[in-house]
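So this one's query.cif, mmCIF, C-alpha atoms and all ligand atoms:
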data_my_file
loop_
_atom_site.label_atom_id
_atom_site.label_comp_id
_atom_site.auth_asym_id
_atom_site.auth_seq_id
_atom_site.Cartn_x
_atom_site.Cartn_y
_atom_site.Cartn_z
CA MET A 24 66.20 -3.12 173.21
CA PRO A 25 64.37 -2.17 169.98
CA PHE A 26 61.37 0.12 170.29
CA LYS A 27 58.19 -1.93 170.59
CA ALA A 28 55.57 -0.12 168.56
CA THR A 29 52.01 -0.23 169.87
CA PHE A 30 49.01 1.03 167.94
CA SER A 31 45.42 1.89 168.71
CA LYS A 32 42.60 -0.62 168.42
CA LEU A 33 41.14 1.68 165.76
CA THR A 34 44.07 1.07 163.42
CA GLY A 35 43.70 -2.64 164.03
CA ARG A 36 40.04 -2.51 163.03
CA LEU A 37 40.83 -0.47 159.94
CA SER A 38 43.56 -2.80 158.71
CA ALA A 39 41.44 -5.94 159.11
CA PRO A 40 41.54 -7.98 155.88
CA ASP A 41 38.63 -7.42 153.51
CA ASN A 42 36.78 -10.23 151.73
CA GLY A 43 39.25 -10.29 148.83
CA SER A 44 36.77 -8.79 146.41
CA TRP A 45 39.21 -6.10 145.28
CA GLU A 46 41.77 -8.68 144.22
CA VAL A 47 40.53 -8.54 140.62
CA HIS A 48 40.77 -4.76 140.59
CA ASP A 49 44.28 -4.76 142.05
CA ARG A 50 45.38 -7.40 139.57
CA ALA A 51 43.86 -5.44 136.68
CA LEU A 52 45.82 -2.35 137.68
CA GLU A 53 49.00 -4.41 137.91
CA MET A 54 48.36 -5.86 134.43
CA GLN A 55 47.78 -2.38 133.08
CA ARG A 56 51.05 -1.16 134.61
CA ASN A 57 52.77 -4.04 132.85
CA GLY A 58 51.48 -2.75 129.53
CA GLU A 59 48.66 -5.27 129.03
CA ASP A 60 45.49 -4.21 127.24
CA VAL A 61 43.06 -4.06 130.17
CA ILE A 62 39.65 -2.37 130.26
CA LEU A 63 38.76 -1.16 133.72
CA LEU A 64 35.04 -1.33 134.36
CA CYS A 65 35.54 -1.40 138.09
CA VAL A 66 36.07 2.26 138.86
CA GLY A 67 33.51 4.73 140.16
CA ASP A 68 35.59 7.78 139.32
CA PRO A 69 33.99 9.86 136.52
CA ASP A 70 36.03 9.79 133.32
CA PHE A 71 34.97 13.36 132.49
CA ARG A 72 37.24 16.30 133.13
CA THR A 73 36.01 18.77 135.73
CA PRO A 74 34.17 21.39 133.62
CA GLU A 75 36.53 24.13 132.47
CA PRO A 76 34.60 27.09 134.03
CA ILE A 77 34.98 25.50 137.48
CA ILE A 78 38.72 25.06 136.99
CA ASP A 79 39.06 28.68 135.80
CA ASN A 80 37.05 29.83 138.78
CA ALA A 81 39.28 27.97 141.26
CA VAL A 82 42.41 29.36 139.61
CA SER A 83 41.06 32.90 139.80
CA TYR A 84 40.40 32.49 143.53
CA LEU A 85 43.87 31.01 144.03
CA ARG A 86 45.32 34.08 142.33
CA VAL A 87 43.52 36.53 144.61
CA GLY A 88 44.88 34.81 147.69
CA ARG A 89 41.99 32.61 148.80
CA THR A 90 44.55 30.26 150.30
CA HIS A 91 44.02 30.66 154.04
CA TYR A 92 42.11 29.02 156.87
CA SER A 93 38.37 28.86 156.59
CA PRO A 94 35.55 28.31 159.11
CA ALA A 95 35.21 24.74 160.40
CA LEU A 96 31.70 24.32 158.97
CA GLY A 97 32.66 25.78 155.60
CA GLU A 98 32.57 29.13 153.85
CA ILE A 99 29.18 30.83 154.19
CA LYS A 100 29.00 31.30 150.41
CA LEU A 101 29.21 27.55 149.78
CA ARG A 102 26.93 26.67 152.68
CA ARG A 103 24.37 29.11 151.27
CA ALA A 104 24.65 27.61 147.76
CA ILE A 105 24.05 24.14 149.25
CA ALA A 106 21.13 25.38 151.37
CA ASP A 107 19.57 27.02 148.28
CA LEU A 108 19.99 23.83 146.25
CA GLU A 109 18.34 21.88 149.03
CA THR A 110 15.48 24.38 149.35
CA GLN A 111 14.81 24.20 145.60
CA SER A 112 14.36 20.44 145.64
CA SER A 113 12.30 20.11 148.81
CA PRO A 114 9.12 21.43 150.42
CA HIS A 115 11.26 22.32 153.46
CA VAL A 116 13.28 25.53 153.50
CA CYS A 117 16.92 24.78 154.28
CA ALA A 118 18.90 27.29 156.36
CA VAL A 119 22.66 27.84 156.25
CA GLU A 120 22.73 26.64 159.89
CA GLU A 121 21.68 23.20 158.66
CA VAL A 122 24.71 22.77 156.37
CA ALA A 123 28.27 21.62 157.08
CA VAL A 124 30.99 21.23 154.44
CA PHE A 125 33.47 18.35 154.47
CA PRO A 126 36.30 17.19 152.22
CA GLY A 127 34.17 14.64 150.39
CA ALA A 128 31.10 12.58 151.20
CA THR A 129 33.31 9.91 152.77
CA ALA A 130 34.61 12.34 155.37
CA ALA A 131 31.07 13.64 155.82
CA VAL A 132 29.66 10.16 156.51
CA HIS A 133 32.51 9.42 158.90
CA ALA A 134 31.93 12.69 160.73
CA VAL A 135 28.19 12.05 161.03
CA MET A 136 28.69 8.51 162.30
CA THR A 137 31.32 9.70 164.79
CA CYS A 138 28.84 12.22 166.14
CA LEU A 139 25.93 9.78 166.31
CA LEU A 140 27.39 6.45 167.38
CA ASP A 141 29.26 4.86 170.25
CA ALA A 142 31.02 1.51 170.16
CA GLY A 143 28.53 -1.33 169.87
CA ASP A 144 25.64 0.82 168.67
CA GLU A 145 23.72 -0.72 165.82
CA VAL A 146 23.40 0.73 162.32
CA VAL A 147 20.87 -0.85 160.01
CA ILE A 148 22.04 -0.79 156.37
CA PRO A 149 20.48 -2.50 153.35
CA GLU A 150 22.98 -4.68 151.51
CA PRO A 151 24.52 -4.78 148.87
CA MET A 152 25.97 -1.48 150.02
CA TYR A 153 28.73 0.89 148.93
CA VAL A 154 32.05 -0.65 150.04
CA GLY A 155 33.24 2.51 151.78
CA TYR A 156 30.62 2.16 154.52
CA THR A 157 32.16 -0.99 156.00
CA SER A 158 35.41 0.65 157.06
CA ILE A 159 33.64 3.75 158.36
CA MET A 160 31.50 1.56 160.59
CA ARG A 161 34.64 -0.28 161.70
CA ALA A 162 36.28 3.04 162.52
CA VAL A 163 33.45 4.04 164.85
CA ASP A 164 33.16 0.44 166.10
CA ALA A 165 29.46 0.27 165.30
CA ARG A 166 27.63 -2.98 164.67
CA VAL A 167 26.37 -3.19 161.10
CA ILE A 168 23.02 -4.90 160.84
CA ALA A 169 22.87 -5.65 157.14
CA VAL A 170 19.44 -6.16 155.60
CA PRO A 171 19.83 -8.39 152.53
CA LEU A 172 18.04 -7.23 149.43
CA ASP A 173 16.65 -9.77 147.01
CA VAL A 174 18.48 -10.18 143.68
CA LYS A 175 15.30 -11.50 142.09
CA ALA A 176 13.44 -8.34 143.10
CA GLU A 177 16.27 -6.34 141.47
CA PHE A 178 17.38 -5.26 144.94
CA ALA A 179 14.23 -3.26 145.67
CA LEU A 180 14.10 -2.08 149.28
CA ASP A 181 11.89 -4.19 151.51
CA VAL A 182 10.67 -1.69 154.09
CA GLU A 183 9.23 -4.32 156.43
CA ALA A 184 12.50 -6.27 156.39
CA VAL A 185 14.35 -3.09 157.34
CA LYS A 186 11.95 -2.32 160.18
CA ALA A 187 12.23 -5.88 161.48
CA GLU A 188 15.94 -5.36 162.18
CA PHE A 189 15.42 -2.51 164.63
CA THR A 190 16.36 -3.27 168.24
CA ALA A 191 16.85 -1.20 171.38
CA ALA A 192 20.48 -0.73 170.28
CA THR A 193 19.62 0.74 166.86
CA ARG A 194 20.80 4.34 166.56
CA VAL A 195 20.97 4.88 162.81
CA LEU A 196 19.23 3.67 159.67
CA PHE A 197 21.69 4.33 156.87
CA LEU A 198 20.30 4.47 153.34
CA ASN A 199 21.84 5.24 149.97
CA THR A 200 19.60 6.52 147.22
CA PRO A 201 20.24 6.47 144.29
CA GLY A 202 22.18 3.39 145.26
CA ASN A 203 25.65 2.14 144.54
CA PRO A 204 26.00 -0.61 143.32
CA THR A 205 22.36 -1.27 142.42
CA GLY A 206 21.36 1.99 140.72
CA SER A 207 17.95 1.77 142.37
CA ILE A 208 16.01 4.69 143.77
CA ILE A 209 14.12 4.41 147.04
CA PRO A 210 10.59 5.74 146.43
CA ALA A 211 9.60 8.86 148.37
CA ALA A 212 6.74 7.02 150.11
CA GLN A 213 9.20 4.48 151.53
CA LEU A 214 11.56 7.21 152.70
CA ARG A 215 8.67 8.96 154.38
CA ASP A 216 7.50 5.77 156.05
CA LEU A 217 11.01 4.90 157.27
CA GLY A 218 11.70 8.45 158.40
CA GLU A 219 8.64 8.41 160.63
CA PHE A 220 9.32 4.87 161.85
CA CYS A 221 12.86 5.95 162.84
CA ARG A 222 11.61 9.09 164.52
CA GLN A 223 9.17 7.18 166.69
CA ARG A 224 12.06 4.98 167.85
CA ASN A 225 14.58 7.80 168.40
CA VAL A 226 16.67 6.56 165.48
CA TRP A 227 18.46 8.82 162.99
CA LEU A 228 17.80 8.37 159.29
CA VAL A 229 21.02 9.12 157.42
CA CYS A 230 20.87 9.12 153.64
CA ASP A 231 23.81 9.22 151.21
CA GLU A 232 22.60 10.84 148.01
CA VAL A 233 25.81 11.40 146.01
CA TYR A 234 24.21 10.15 142.77
CA SER A 235 21.19 12.46 143.11
CA MET A 236 21.98 14.38 139.91
CA PHE A 237 22.35 11.31 137.69
CA THR A 238 18.87 9.84 137.45
CA TYR A 239 17.54 8.44 134.17
CA ASP A 240 14.01 7.12 134.63
CA GLY A 241 12.21 9.64 136.81
CA GLY A 242 13.84 12.09 139.18
CA HIS A 243 15.41 11.78 142.58
CA ARG A 244 13.49 12.73 145.70
CA SER A 245 15.71 13.11 148.73
CA ALA A 246 14.99 11.73 152.17
CA ARG A 247 14.68 15.31 153.46
CA ALA A 248 12.17 16.18 150.75
CA SER A 249 10.16 13.04 151.46
CA VAL A 250 9.66 13.23 155.22
CA GLU A 251 7.34 15.40 157.26
CA HIS A 252 9.71 16.04 160.19
CA LEU A 253 13.37 16.83 159.76
CA ASP A 254 14.64 16.51 163.33
CA ASN A 255 16.05 12.98 162.82
CA VAL A 256 17.00 13.23 159.12
CA VAL A 257 20.54 13.71 157.79
CA MET A 258 21.55 13.99 154.16
CA VAL A 259 25.02 13.57 152.71
CA ASP A 260 25.95 14.66 149.20
CA GLY A 261 28.97 15.98 147.31
CA LEU A 262 30.49 17.05 144.01
CA SER A 263 32.68 14.01 143.27
CA LYS A 264 30.21 12.37 140.90
CA SER A 265 27.80 15.10 139.84
CA HIS A 266 30.48 17.58 138.77
CA ALA A 267 33.32 15.14 137.99
CA MET A 268 35.24 16.61 140.93
CA SER A 269 36.28 13.50 142.84
CA GLY A 270 39.83 14.79 143.40
CA TRP A 271 38.71 18.16 144.72
CA ARG A 272 37.22 16.52 147.80
CA VAL A 273 33.98 18.37 148.35
CA GLY A 274 31.05 16.94 150.24
CA TRP A 275 28.49 18.13 152.74
CA VAL A 276 25.95 17.27 155.37
CA VAL A 277 22.47 18.75 155.70
CA ALA A 278 21.17 18.04 159.19
CA PRO A 279 19.28 19.58 162.12
CA PRO A 280 21.23 22.41 163.81
CA ASN A 281 21.89 20.35 166.96
CA LEU A 282 23.86 17.81 164.92
CA ILE A 283 25.57 20.58 162.93
CA GLU A 284 26.83 22.01 166.25
CA ARG A 285 28.41 18.64 167.10
CA LEU A 286 29.83 18.37 163.60
CA ALA A 287 31.37 21.81 164.04
CA CYS A 288 33.33 20.63 167.09
CA TYR A 289 34.37 17.49 165.26
CA ALA A 290 35.44 19.41 162.13
CA GLN A 291 37.30 22.00 164.17
CA THR A 292 39.26 19.24 165.90
CA THR A 293 40.04 17.02 162.95
CA LEU A 294 40.01 19.19 159.81
CA PHE A 295 40.31 22.84 160.77
CA GLY A 296 38.51 23.87 157.62
CA CYS A 297 38.57 23.02 153.92
CA PRO A 298 40.56 24.99 151.29
CA GLN A 299 39.01 28.39 150.55
CA PHE A 300 39.54 28.45 146.78
CA ILE A 301 38.01 24.99 146.41
CA GLN A 302 34.96 26.07 148.35
CA ASP A 303 34.69 29.24 146.26
CA ALA A 304 34.80 27.21 143.05
CA SER A 305 32.34 24.69 144.50
CA ALA A 306 29.82 27.44 145.22
CA PHE A 307 30.33 28.66 141.66
CA ALA A 308 29.88 25.09 140.40
CA LEU A 309 26.56 24.66 142.17
CA GLU A 310 25.24 28.01 140.99
CA ASN A 311 26.26 27.58 137.34
CA ASP A 312 25.95 23.89 136.64
CA GLN A 313 22.77 23.56 134.58
CA VAL A 314 24.49 22.80 131.29
CA TYR A 315 27.41 20.58 132.14
CA VAL A 316 25.73 18.37 134.74
CA GLU A 317 22.97 17.73 132.23
CA GLN A 318 25.52 16.89 129.51
CA MET A 319 27.17 14.31 131.77
CA ARG A 320 23.79 12.89 132.81
CA VAL A 321 22.73 12.43 129.19
CA GLU A 322 26.07 10.80 128.37
CA TYR A 323 25.79 8.34 131.29
CA ARG A 324 22.23 7.52 130.27
CA GLU A 325 23.33 6.82 126.71
CA ARG A 326 26.12 4.60 127.98
CA ARG A 327 23.68 2.76 130.25
CA ASP A 328 21.26 2.17 127.41
CA PHE A 329 24.05 1.09 125.07
CA VAL A 330 25.49 -1.45 127.54
CA LEU A 331 22.04 -2.76 128.49
CA GLY A 332 21.30 -3.26 124.78
CA GLN A 333 24.56 -5.17 124.32
CA LEU A 334 23.91 -7.31 127.40
CA GLU A 335 20.61 -8.49 125.95
CA ASP A 336 22.53 -10.36 123.26
CA ILE A 337 25.12 -11.87 125.59
CA PRO A 338 24.26 -15.36 126.81
CA HIS A 339 23.92 -16.23 130.51
CA ILE A 340 24.05 -12.64 131.76
CA ARG A 341 21.18 -10.59 133.06
CA GLY A 342 21.78 -6.86 133.39
CA PHE A 343 19.56 -4.96 135.82
CA ARG A 344 18.41 -1.64 134.48
CA PRO A 345 19.80 1.02 136.86
CA ARG A 346 17.50 3.99 137.28
CA ALA A 347 20.39 6.19 138.32
CA GLY A 348 24.12 6.33 138.95
CA MET A 349 27.18 5.04 137.12
CA PHE A 350 26.91 1.26 137.40
CA ILE A 351 25.07 -1.76 136.03
CA MET A 352 24.65 -4.84 138.20
CA CYS A 353 24.58 -8.11 136.27
CA ASP A 354 23.38 -11.46 137.54
CA VAL A 355 25.80 -14.09 136.22
CA SER A 356 24.38 -17.10 138.07
CA ALA A 357 23.25 -18.68 134.76
CA THR A 358 26.94 -19.09 133.85
CA GLY A 359 27.31 -21.48 136.78
CA LEU A 360 30.02 -19.21 138.19
CA SER A 361 29.93 -17.05 141.30
CA GLY A 362 30.49 -13.32 140.80
CA ASN A 363 34.00 -13.75 142.23
CA ASP A 364 34.96 -16.53 139.81
CA PHE A 365 33.31 -14.80 136.88
CA ALA A 366 35.26 -11.57 137.52
CA ALA A 367 38.58 -13.40 137.97
CA ARG A 368 38.14 -15.49 134.83
CA LEU A 369 36.91 -12.57 132.74
CA LEU A 370 40.05 -10.64 133.63
CA ASP A 371 42.31 -13.60 132.79
CA ALA A 372 40.55 -14.44 129.54
CA GLU A 373 39.71 -11.02 128.14
CA GLY A 374 41.43 -8.36 130.23
CA VAL A 375 38.18 -6.76 131.43
CA SER A 376 37.89 -5.96 135.11
CA VAL A 377 34.53 -5.80 136.87
CA VAL A 378 33.77 -5.84 140.59
CA PRO A 379 32.38 -9.07 142.07
CA GLY A 380 29.03 -8.38 143.72
CA GLU A 381 30.25 -9.87 146.97
CA ALA A 382 32.36 -6.75 147.51
CA PHE A 383 29.06 -5.05 148.32
CA GLY A 384 27.58 -7.81 150.43
CA PRO A 385 26.67 -11.49 150.35
CA SER A 386 23.28 -11.00 148.73
CA ALA A 387 25.04 -9.89 145.53
CA GLN A 388 27.41 -12.84 145.29
CA SER A 389 25.83 -14.06 142.06
CA CYS A 390 26.47 -10.66 140.48
CA VAL A 391 29.20 -8.48 139.08
CA ARG A 392 29.17 -4.69 138.81
CA LEU A 393 30.02 -2.96 135.53
CA GLY A 394 31.01 0.70 135.64
CA LEU A 395 30.00 3.31 133.07
CA ALA A 396 32.96 5.62 133.60
CA GLN A 397 34.40 4.82 130.16
CA ASN A 398 33.50 6.31 126.79
CA LYS A 399 31.20 4.43 124.41
CA ALA A 400 34.00 3.13 122.20
CA VAL A 401 35.68 1.51 125.22
CA LEU A 402 32.36 0.19 126.50
CA LYS A 403 31.71 -1.33 123.07
CA ARG A 404 35.04 -3.16 123.13
CA ALA A 405 34.39 -4.29 126.70
CA CYS A 406 30.99 -5.72 125.69
CA GLN A 407 32.55 -7.56 122.74
CA ARG A 408 35.07 -9.16 125.06
CA LEU A 409 32.38 -9.95 127.63
CA SER A 410 30.32 -11.59 124.92
CA ARG A 411 33.28 -13.67 123.68
CA PHE A 412 33.98 -14.77 127.24
CA CYS A 413 30.38 -15.77 127.91
CA GLU A 414 30.21 -17.75 124.65
CA THR A 415 32.96 -19.97 126.04
CA LEU A 416 31.13 -20.80 129.25
C1 LIG B 501 27.45 5.82 147.54
C2 LIG B 501 28.74 6.54 147.62
N1 LIG B 501 28.94 7.40 148.64
C3 LIG B 501 30.09 8.08 148.76
C4 LIG B 501 31.11 7.93 147.85
C5 LIG B 501 32.38 8.69 148.03
O1 LIG B 501 32.16 10.05 147.74
P1 LIG B 501 33.30 11.12 147.96
O2 LIG B 501 34.22 11.07 146.79
O3 LIG B 501 32.56 12.42 148.00
O4 LIG B 501 33.99 10.81 149.23
C6 LIG B 501 30.95 7.04 146.76
C7 LIG B 501 32.05 6.83 145.80
O5 LIG B 501 32.08 5.90 145.02
C8 LIG B 501 29.74 6.35 146.66
O6 LIG B 501 29.51 5.50 145.65
#
What would you get if you wrote out this structure as structure tokens?
Ligand SMILES: Cc1ncc(COP(=O)(O)O)c(C=O)c1O
Amino acid sequence: MPFKATFSKLTGRLSAPDNGSWEVHDRALEMQRNGEDVILLCVGDPDFRTPEPIIDNAVSYLRVGRTHYSPALGEIKLRRAIADLETQSSPHVCAVEEVAVFPGATAAVHAVMTCLLDAGDEVVIPEPMYVGYTSIMRAVDARVIAVPLDVKAEFALDVEAVKAEFTAATRVLFLNTPGNPTGSIIPAAQLRDLGEFCRQRNVWLVCDEVYSMFTYDGGHRSARASVEHLDNVVMVDGLSKSHAMSGWRVGWVVAPPNLIERLACYAQTTLFGCPQFIQDASAFALENDQVYVEQMRVEYRERRDFVLGQLEDIPHIRGFRPRAGMFIMCDVSATGLSGNDFAARLLDAEGVSVVPGEAFGPSAQSCVRLGLAQNKAVLKRACQRLSRFCETL
């Protein structure tokens, strides 16, 4: 008799088919492998190299033997650097005891949700939302209550619509500001209002702020900085985007000490610490980043302005001006095509890959998302091809 393999329900949930929105991306990669001239505007991985001083710093720590186990919640030096950063940008002082380090924001969000949610608990999330959230919520078997945002209002958060979705089963309100894919920033007053609303209902407010350092029209104010009380507020951030360190896997959680204690048990069980030399270099990165983060921010802003300028002359496309982040959402409904069809046909006709809005939720199905993680020369060629394609519609 052959062995009959059985697997957990968790793996079944995680391997459930997605909505096919990554088909264009997968096909673009395949075309590129086959030597075709494809421009990838679908990726959210910074095209910049990790700044040289950070690399040198990591290598120096590798050389002195920082290659052993580290505390489950992270090295004190890095936790302190994160706490200091948080204190600088908020009226609330942040203590080291409120910080936990994880290998990336994705792992951090998963850890937080594992510690806060049981199967069937409800998480309210505005949509379109970052694609990674869906599988995390599947992993913890939570019920996602998606709050559609209005394309016509450029996806501005409707606070009353969010509040209206709260039920007795709501445990978490999950926000993302600055947002992927929309590039919008949730105003501090709204964060404050929602933080208090959650608190009164014993609901956690969890906020993913990984694009906090790339704002273009006005600064970012975090959920923690916006609220009066911190006992139900959790912030997630990381170095993937801000420091072009996506492959280093560095993220963190800032949360009340009672949640940090739970996260410690979780991290001890599942991770057993993050690499020492990477944490050393991450602390160095946070303490010495004034110049290079600003250079990348300025470059992204220039790219945004360049692409928005080009889009103005392209028929049937409306680009929304992102106030932050690395993406531009475009409404393509005037072409008569859905975002899915537009993306598929653009790839076939011109070899440019963009993400159909539906990947982020049904309310963005008339949109596609353009990424800014390409240099200006590439973006210029991409816009020329986009223009040629739209002329034919
Ligand atoms: C909103 C958002 N959160 C989290 C992540 C993932 O971050 P990390 O690389 O730190 O896991 C991304 C990556 O695209 C993102 O857009």
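Residue neighbourhood of Ser113 (chain A), excluding near-sequence residues (fewer than 6 positions): Ser245, Arg247, Ala248 and Ser249 of chain A, at 8 Å, using all atoms listed in the file.
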Contacts of Val277 (chain A) within 7 Å, only C-alpha atoms, excl. fewer than 3 positions in-chain, as a tab-separated table (two decimals) with C-alpha atoms, in the frame of the given file:
chain	number	residue	atom	x	y	z
A	121	GLU	CA	21.68	23.20	158.66
A	122	VAL	CA	24.71	22.77	156.37
A	123	ALA	CA	28.27	21.62	157.08
A	257	VAL	CA	20.54	13.71	157.79
A	258	MET	CA	21.55	13.99	154.16
A	259	VAL	CA	25.02	13.57	152.71
* To do: Between CA of Leu309 (chain A) and CA of Ile77 (chain A), measure the distance and give it in Å to one decimal.
  =>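 Computing it gives 9.7 Å between the two atoms.
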Taking only C-alpha atoms and all ligand atoms into account, produce a table as a tab-separated table in which each residue of chain A with an atom at most 9 Å from an atom of ligand LIG 501 (chain B) appears once, together with its shortest atom pair and the distance in Å to one decimal, ordered by chain and rising number.
residue	atom	partner	partner_atom	distance
A:Val66	CA	B:LIG501	O5	8.2
A:Gly67	CA	B:LIG501	O5	5.2
A:Asp68	CA	B:LIG501	O5	7.0
A:Phe125	CA	B:LIG501	O3	8.8
A:Pro126	CA	B:LIG501	O3	7.4
A:Gly127	CA	B:LIG501	O3	3.6
A:Ala128	CA	B:LIG501	O3	3.5
A:Thr129	CA	B:LIG501	O4	3.7
A:Ala130	CA	B:LIG501	O4	6.4
A:Ala131	CA	B:LIG501	O4	7.7
A:Val132	CA	B:LIG501	C3	8.0
A:Met152	CA	B:LIG501	C1	7.9
A:Tyr153	CA	B:LIG501	C1	5.3
A:Val154	CA	B:LIG501	O6	8.0
A:Gly155	CA	B:LIG501	C4	7.0
A:Tyr156	CA	B:LIG501	N1	8.1
A:Asn199	CA	B:LIG501	C1	6.1
A:Thr200	CA	B:LIG501	C1	7.9
A:Pro201	CA	B:LIG501	C1	7.9
A:Gly202	CA	B:LIG501	C1	6.2
A:Asn203	CA	B:LIG501	C1	5.1
A:Pro204	CA	B:LIG501	O6	7.4
A:Asp231	CA	B:LIG501	N1	6.0
A:Glu232	CA	B:LIG501	C1	7.0
A:Val233	CA	B:LIG501	N1	5.7
A:Tyr234	CA	B:LIG501	C1	7.2
A:Val259	CA	B:LIG501	N1	8.4
A:Asp260	CA	B:LIG501	O3	7.1
A:Gly261	CA	B:LIG501	O3	5.1
A:Leu262	CA	B:LIG501	O3	6.5
A:Ser263	CA	B:LIG501	O2	4.8
A:Lys264	CA	B:LIG501	O2	7.2
A:Met268	CA	B:LIG501	O2	8.1
A:Ser269	CA	B:LIG501	O2	5.1
A:Gly270	CA	B:LIG501	O2	7.5
A:Trp271	CA	B:LIG501	O2	8.6
A:Arg272	CA	B:LIG501	O3	6.2
A:Val273	CA	B:LIG501	O3	6.1
A:Gly274	CA	B:LIG501	O3	5.3
A:Trp275	CA	B:LIG501	O3	8.5
A:Gly348	CA	B:LIG501	O6	8.6
A:Met349	CA	B:LIG501	O6	8.9
Resulting file, chosen residues, C-alpha atoms, as an mmCIF file, in the coordinates of the input:
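Final output, saved to result-v3.cif:
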data_model
loop_
_atom_site.group_PDB
_atom_site.id
_atom_site.type_symbol
_atom_site.label_atom_id
_atom_site.label_comp_id
_atom_site.auth_asym_id
_atom_site.auth_seq_id
_atom_site.Cartn_x
_atom_site.Cartn_y
_atom_site.Cartn_z
ATOM 1 C CA VAL A 66 36.070 2.260 138.860
ATOM 2 C CA GLY A 67 33.510 4.730 140.160
ATOM 3 C CA ASP A 68 35.590 7.780 139.320
ATOM 4 C CA PHE A 125 33.470 18.350 154.470
ATOM 5 C CA PRO A 126 36.300 17.190 152.220
ATOM 6 C CA GLY A 127 34.170 14.640 150.390
ATOM 7 C CA ALA A 128 31.100 12.580 151.200
ATOM 8 C CA THR A 129 33.310 9.910 152.770
ATOM 9 C CA ALA A 130 34.610 12.340 155.370
ATOM 10 C CA ALA A 131 31.070 13.640 155.820
ATOM 11 C CA VAL A 132 29.660 10.160 156.510
ATOM 12 C CA MET A 152 25.970 -1.480 150.020
ATOM 13 C CA TYR A 153 28.730 0.890 148.930
ATOM 14 C CA VAL A 154 32.050 -0.650 150.040
ATOM 15 C CA GLY A 155 33.240 2.510 151.780
ATOM 16 C CA TYR A 156 30.620 2.160 154.520
ATOM 17 C CA ASN A 199 21.840 5.240 149.970
ATOM 18 C CA THR A 200 19.600 6.520 147.220
ATOM 19 C CA PRO A 201 20.240 6.470 144.290
ATOM 20 C CA GLY A 202 22.180 3.390 145.260
ATOM 21 C CA ASN A 203 25.650 2.140 144.540
ATOM 22 C CA PRO A 204 26.000 -0.610 143.320
ATOM 23 C CA ASP A 231 23.810 9.220 151.210
ATOM 24 C CA GLU A 232 22.600 10.840 148.010
ATOM 25 C CA VAL A 233 25.810 11.400 146.010
ATOM 26 C CA TYR A 234 24.210 10.150 142.770
ATOM 27 C CA VAL A 259 25.020 13.570 152.710
ATOM 28 C CA ASP A 260 25.950 14.660 149.200
ATOM 29 C CA GLY A 261 28.970 15.980 147.310
ATOM 30 C CA LEU A 262 30.490 17.050 144.010
ATOM 31 C CA SER A 263 32.680 14.010 143.270
ATOM 32 C CA LYS A 264 30.210 12.370 140.900
ATOM 33 C CA MET A 268 35.240 16.610 140.930
ATOM 34 C CA SER A 269 36.280 13.500 142.840
ATOM 35 C CA GLY A 270 39.830 14.790 143.400
ATOM 36 C CA TRP A 271 38.710 18.160 144.720
ATOM 37 C CA ARG A 272 37.220 16.520 147.800
ATOM 38 C CA VAL A 273 33.980 18.370 148.350
ATOM 39 C CA GLY A 274 31.050 16.940 150.240
ATOM 40 C CA TRP A 275 28.490 18.130 152.740
ATOM 41 C CA GLY A 348 24.120 6.330 138.950
ATOM 42 C CA MET A 349 27.180 5.040 137.120
#
* Pick from A:Leu253, A:Pro149, A:Gly241, A:Phe329: nearest to Asn398 (chain A), with all atoms listed in the file counted? ->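 Selected residue with least distance to Asn398 (chain A): A:Phe329.
CA of Ser31 (chain A) sits 13.0 Å away from CA of Arg161 (chain A).
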For Arg72 (chain A): contacts at 10 Å, all atoms listed in the file, fewer than 5 positions along chain excluded, given as an mmCIF file with C-alpha atoms, in the frame of the given file:
data_model
loop_
_atom_site.group_PDB
_atom_site.id
_atom_site.type_symbol
_atom_site.label_atom_id
_atom_site.label_comp_id
_atom_site.auth_asym_id
_atom_site.auth_seq_id
_atom_site.Cartn_x
_atom_site.Cartn_y
_atom_site.Cartn_z
ATOM 1 C CA ILE A 78 38.720 25.060 136.990
ATOM 2 C CA HIS A 266 30.480 17.580 138.770
ATOM 3 C CA ALA A 267 33.320 15.140 137.990
ATOM 4 C CA MET A 268 35.240 16.610 140.930
#
* Asked: Which residues, written as a ChimeraX atom specification, have at least one atom at most 12 Å from region 409-414 of chain A, with only C-alpha atoms counted and residues fewer than 5 positions away on the same chain left out?
  -> /A:62,64,330,333-341,353,355-360,365-377,391,393,402-404
Proximity of region 153-203 of chain A to region 209-222 of chain A: per-residue shortest pair, 10 Å limit, only C-alpha atoms, as a tab-separated table:
residue	atom	partner	partner_atom	distance
A:Ala179	CA	A:Ile209	CA	7.8
A:Leu180	CA	A:Ile209	CA	6.9
A:Asp181	CA	A:Gln213	CA	9.1
A:Val182	CA	A:Gln213	CA	6.8
A:Glu183	CA	A:Leu217	CA	9.4
A:Val185	CA	A:Leu217	CA	8.7
A:Lys186	CA	A:Phe220	CA	7.8
A:Phe189	CA	A:Cys221	CA	9.0
A:Thr193	CA	A:Cys221	CA	9.4
A:Arg194	CA	A:Cys221	CA	8.9
A:Val195	CA	A:Cys221	CA	8.2
A:Leu196	CA	A:Cys221	CA	7.5
A:Leu198	CA	A:Ile209	CA	8.8
A:Asn199	CA	A:Ile209	CA	8.3
A:Thr200	CA	A:Ile209	CA	5.9
A:Pro201	CA	A:Ile209	CA	7.0
A:Gly202	CA	A:Ile209	CA	8.3
* Given the choices A:Val116, A:Ile99, A:Val135, A:Leu282, which gets closest to Ser305 (chain A) if the distance is worked out from all atoms listed in the file? ->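 Checking each of A:Val116, A:Ile99, A:Val135, A:Leu282 against Ser305 (chain A), counting all atoms listed in the file, the winner is A:Ile99.
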